[in-house]
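*Asks:* Could you have a look at this structure, given as structure tokens, before my questions?
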Amino acid sequence: MVATDQTMTEVLEKSLPRPFRHSAGGVFQRLLAGATAWCVAALLVALAADEKAASPRSATPVSEPAARQVELRGQVVCLAEAMHERHQTDLPTNHEHLFGFKTDDGTFYTLLHTKLSEALFLDPRLREKELLLKGRVLPKSQIFDVTSMKSVRDGVVCELYYYCEVCDIVAVSPVPCACCQEAVTLVEKPK
């Protein structure tokens, strides 16, 4: 076992070919310093690669299941109120609504607030209707990402959209027309 740095240097120096031993200008010391620098650099690169591979942000899920495409029939509800009624959860009198979707079979889904589902959050008239929502249930969750919505009126499936009469534009949300900024009208048209 080598006890000191000087002893280690002597051992390494003796293992070098004769032209590199004790030559003028400290060739051995430069070689040793260069080799050390390369080893440290290689070690840092290896550590960075291991850290990146272990990082949850950079790790790509290998076996993540695909989202299920489904069609749900039911009504938009406040999940907090529904859970209070069903399970007697503690509910403040003045609570924020957490909108979800209750299917005809009693299953609850949390609605993901997106451009295509925005009307469900903004327009109280939609919360009074029986709806037919298409979309996907995100993996390992009960979160529903709406891709299209229709209403069911008297057993008839109806197209459901917003219309600007001024610009003749169809929209998916009750916000003012993107073109003229006038109010849009909710249209429920049998298929």
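Labels for the structure tokens follow display order: chains A, B, ..., residues from 1 in each chain, ligands from 1.
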To test your reading of the structure, identify every residue in range 42-191 of chain A that backbone DSSP assigns to strand (DSSP E), and report it as a PyMOL selection string.
*Replies:* chain A and resi 68-78+99-103+108-111+130-137+143-153+156-164+169-171+185-190
*Asks:* As an MDAnalysis selection string, please: the residues near range 126-140 of chain A (cut-off 9 Å, only C-alpha atoms, same-chain neighbours under 3 positions excluded).
*Replies:* chainID A and resid 64:77 109 119:123 143:153 157
*Asks:* Based on the selection just made, write C-alpha atoms of those residues as a PDB file, in the first residue's frame.
*Replies:*
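See part28.pdb below for the written result:
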```pdb
ATOM      1  CA  GLU A  64     -47.288   4.733 -19.105  1.00  0.00           C
ATOM      2  CA  PRO A  65     -50.649   3.502 -20.376  1.00  0.00           C
ATOM      3  CA  ALA A  66     -52.440   5.450 -23.084  1.00  0.00           C
ATOM      4  CA  ALA A  67     -55.447   7.588 -22.233  1.00  0.00           C
ATOM      5  CA  ARG A  68     -58.768   5.802 -22.729  1.00  0.00           C
ATOM      6  CA  GLN A  69     -61.091   7.347 -25.316  1.00  0.00           C
ATOM      7  CA  VAL A  70     -64.641   7.307 -23.947  1.00  0.00           C
ATOM      8  CA  GLU A  71     -68.079   8.796 -24.392  1.00  0.00           C
ATOM      9  CA  LEU A  72     -69.847   9.756 -21.174  1.00  0.00           C
ATOM     10  CA  ARG A  73     -73.502  10.619 -20.651  1.00  0.00           C
ATOM     11  CA  GLY A  74     -74.597  12.582 -17.594  1.00  0.00           C
ATOM     12  CA  GLN A  75     -74.486  16.015 -15.983  1.00  0.00           C
ATOM     13  CA  VAL A  76     -71.966  18.567 -14.798  1.00  0.00           C
ATOM     14  CA  VAL A  77     -71.976  18.742 -10.988  1.00  0.00           C
ATOM     15  CA  TYR A 109     -64.925  12.397 -13.148  1.00  0.00           C
ATOM     16  CA  ALA A 119     -68.052  26.318 -21.638  1.00  0.00           C
ATOM     17  CA  LEU A 120     -68.824  23.734 -18.933  1.00  0.00           C
ATOM     18  CA  PHE A 121     -67.142  25.990 -16.371  1.00  0.00           C
ATOM     19  CA  LEU A 122     -68.497  29.335 -17.643  1.00  0.00           C
ATOM     20  CA  ASP A 123     -72.062  28.693 -18.802  1.00  0.00           C
ATOM     21  CA  ILE A 143     -59.548  13.158 -14.842  1.00  0.00           C
ATOM     22  CA  PHE A 144     -61.573  13.689 -17.994  1.00  0.00           C
ATOM     23  CA  ASP A 145     -60.216  15.704 -20.940  1.00  0.00           C
ATOM     24  CA  VAL A 146     -63.217  16.784 -23.054  1.00  0.00           C
ATOM     25  CA  THR A 147     -62.754  16.766 -26.838  1.00  0.00           C
ATOM     26  CA  SER A 148     -66.389  17.331 -27.883  1.00  0.00           C
ATOM     27  CA  MET A 149     -69.770  17.902 -26.284  1.00  0.00           C
ATOM     28  CA  LYS A 150     -73.359  17.420 -27.282  1.00  0.00           C
ATOM     29  CA  SER A 151     -76.619  17.703 -25.388  1.00  0.00           C
ATOM     30  CA  VAL A 152     -79.449  15.207 -25.103  1.00  0.00           C
ATOM     31  CA  ARG A 153     -82.886  16.829 -25.249  1.00  0.00           C
ATOM     32  CA  VAL A 157     -78.755  14.058 -29.401  1.00  0.00           C
TER      33      VAL A 157
END
```
*Asks:* DSSP on the backbone: what in range 59-176 of chain A comes out alpha helix (DSSP H), as a list in words?
*Replies:*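 Secondary structure check on range 59-176 of chain A, alpha helix (DSSP H): Leu79, Ala80, Glu81, Ala82, Met83, His84, Glu85, Arg86, His87, Glu118, Ala119, Leu120, Phe121 and Leu122 of chain A.
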*Asks:* Would you save the residues from that selection as a PDB file, in the first residue's frame, using C-alpha atoms?
*Replies:*
```
ATOM      1  CA  LEU A  79     -67.941  17.547  -6.905  1.00  0.00           C
ATOM      2  CA  ALA A  80     -67.677  19.073  -3.426  1.00  0.00           C
ATOM      3  CA  GLU A  81     -71.473  19.244  -3.104  1.00  0.00           C
ATOM      4  CA  ALA A  82     -71.948  15.775  -4.579  1.00  0.00           C
ATOM      5  CA  MET A  83     -69.437  14.266  -2.125  1.00  0.00           C
ATOM      6  CA  HIS A  84     -71.110  16.142   0.735  1.00  0.00           C
ATOM      7  CA  GLU A  85     -74.498  14.672  -0.211  1.00  0.00           C
ATOM      8  CA  ARG A  86     -73.166  11.172  -0.835  1.00  0.00           C
ATOM      9  CA  HIS A  87     -70.485  10.820   1.869  1.00  0.00           C
ATOM     10  CA  GLU A 118     -64.323  25.958 -20.917  1.00  0.00           C
ATOM     11  CA  ALA A 119     -68.052  26.318 -21.638  1.00  0.00           C
ATOM     12  CA  LEU A 120     -68.824  23.734 -18.933  1.00  0.00           C
ATOM     13  CA  PHE A 121     -67.142  25.990 -16.371  1.00  0.00           C
ATOM     14  CA  LEU A 122     -68.497  29.335 -17.643  1.00  0.00           C
TER      15      LEU A 122
END
```
*Asks:* Rounded to one decimal, what separation in Å do you get between CA of Arg125 in chain A and CA of Val175 in chain A?
*Replies:* 13.9 Å
*Asks:* Extract, using only C-alpha atoms, all DNA, RNA and protein residues at most 12 Å from Val170 in chain A, discarding same-chain residues fewer than 3 positions from it, and format them as a PDB file with N, CA and C atoms, in the first residue's frame.
*Replies:*
```pdb
ATOM      1  N   GLU A 159     -76.335  18.842 -31.483  1.00  0.00           N
ATOM      2  CA  GLU A 159     -75.056  19.557 -31.566  1.00  0.00           C
ATOM      3  C   GLU A 159     -75.149  20.733 -30.589  1.00  0.00           C
ATOM      4  N   LEU A 160     -74.048  21.060 -29.962  1.00  0.00           N
ATOM      5  CA  LEU A 160     -74.036  22.116 -28.966  1.00  0.00           C
ATOM      6  C   LEU A 160     -72.848  23.022 -29.275  1.00  0.00           C
ATOM      7  N   TYR A 161     -73.129  24.297 -29.569  1.00  0.00           N
ATOM      8  CA  TYR A 161     -72.046  25.234 -29.884  1.00  0.00           C
ATOM      9  C   TYR A 161     -72.526  26.664 -29.673  1.00  0.00           C
ATOM     10  N   TYR A 162     -71.589  27.584 -29.776  1.00  0.00           N
ATOM     11  CA  TYR A 162     -71.895  29.010 -29.649  1.00  0.00           C
ATOM     12  C   TYR A 162     -71.710  29.642 -31.026  1.00  0.00           C
ATOM     13  N   TYR A 163     -72.578  30.626 -31.319  1.00  0.00           N
ATOM     14  CA  TYR A 163     -72.603  31.198 -32.656  1.00  0.00           C
ATOM     15  C   TYR A 163     -72.655  32.729 -32.584  1.00  0.00           C
ATOM     16  N   CYS A 164     -71.826  33.364 -33.409  1.00  0.00           N
ATOM     17  CA  CYS A 164     -71.856  34.817 -33.543  1.00  0.00           C
ATOM     18  C   CYS A 164     -72.608  35.141 -34.825  1.00  0.00           C
ATOM     19  N   GLU A 165     -73.763  35.761 -34.689  1.00  0.00           N
ATOM     20  CA  GLU A 165     -74.578  36.094 -35.857  1.00  0.00           C
ATOM     21  C   GLU A 165     -73.963  37.216 -36.690  1.00  0.00           C
ATOM     22  N   VAL A 166     -73.222  38.103 -36.064  1.00  0.00           N
ATOM     23  CA  VAL A 166     -72.601  39.220 -36.767  1.00  0.00           C
ATOM     24  C   VAL A 166     -71.519  38.717 -37.716  1.00  0.00           C
ATOM     25  N   CYS A 167     -70.653  37.846 -37.208  1.00  0.00           N
ATOM     26  CA  CYS A 167     -69.503  37.375 -37.991  1.00  0.00           C
ATOM     27  C   CYS A 167     -69.726  36.019 -38.643  1.00  0.00           C
ATOM     28  N   SER A 173     -66.948  28.213 -26.881  1.00  0.00           N
ATOM     29  CA  SER A 173     -67.007  28.844 -25.574  1.00  0.00           C
ATOM     30  C   SER A 173     -67.965  30.035 -25.593  1.00  0.00           C
ATOM     31  N   PRO A 174     -68.572  30.374 -24.455  1.00  0.00           N
ATOM     32  CA  PRO A 174     -69.513  31.494 -24.405  1.00  0.00           C
ATOM     33  C   PRO A 174     -68.851  32.863 -24.302  1.00  0.00           C
ATOM     34  N   VAL A 175     -67.545  32.931 -24.399  1.00  0.00           N
ATOM     35  CA  VAL A 175     -66.873  34.234 -24.326  1.00  0.00           C
ATOM     36  C   VAL A 175     -67.244  35.058 -25.557  1.00  0.00           C
ATOM     37  N   PRO A 176     -67.119  36.377 -25.487  1.00  0.00           N
ATOM     38  CA  PRO A 176     -67.464  37.207 -26.649  1.00  0.00           C
ATOM     39  C   PRO A 176     -66.705  36.769 -27.907  1.00  0.00           C
ATOM     40  N   CYS A 177     -67.319  37.051 -29.054  1.00  0.00           N
ATOM     41  CA  CYS A 177     -66.752  36.674 -30.348  1.00  0.00           C
ATOM     42  C   CYS A 177     -65.316  37.185 -30.476  1.00  0.00           C
ATOM     43  N   ALA A 178     -64.437  36.326 -30.932  1.00  0.00           N
ATOM     44  CA  ALA A 178     -63.028  36.692 -31.093  1.00  0.00           C
ATOM     45  C   ALA A 178     -62.846  37.769 -32.154  1.00  0.00           C
ATOM     46  N   CYS A 179     -63.795  37.885 -33.070  1.00  0.00           N
ATOM     47  CA  CYS A 179     -63.685  38.843 -34.170  1.00  0.00           C
ATOM     48  C   CYS A 179     -64.271  40.207 -33.781  1.00  0.00           C
ATOM     49  N   VAL A 184     -72.098  35.914 -28.017  1.00  0.00           N
ATOM     50  CA  VAL A 184     -72.433  34.761 -28.851  1.00  0.00           C
ATOM     51  C   VAL A 184     -73.696  34.100 -28.291  1.00  0.00           C
ATOM     52  N   THR A 185     -74.358  33.314 -29.130  1.00  0.00           N
ATOM     53  CA  THR A 185     -75.610  32.659 -28.748  1.00  0.00           C
ATOM     54  C   THR A 185     -75.368  31.157 -28.627  1.00  0.00           C
ATOM     55  N   LEU A 186     -75.939  30.557 -27.577  1.00  0.00           N
ATOM     56  CA  LEU A 186     -75.862  29.101 -27.415  1.00  0.00           C
ATOM     57  C   LEU A 186     -76.842  28.455 -28.388  1.00  0.00           C
ATOM     58  N   VAL A 187     -76.348  27.519 -29.195  1.00  0.00           N
ATOM     59  CA  VAL A 187     -77.180  26.824 -30.169  1.00  0.00           C
ATOM     60  C   VAL A 187     -77.222  25.338 -29.794  1.00  0.00           C
TER      61      VAL A 187
END
```
*Asks:* Can you work out which one of A:Glu182, A:Val156, A:Ile169, A:Leu111 has the shortest atom-to-atom distance to Gln142 in chain A, counting only C-alpha atoms?
*Replies:* A:Leu111
*Asks:* Between CA of Leu116 in chain A and CA of Ala171 in chain A, measure the distance and give it in Å to one decimal.
*Replies:*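 If I compute the distance from CA of Leu116 in chain A to CA of Ala171 in chain A, I get 9.6 Å.
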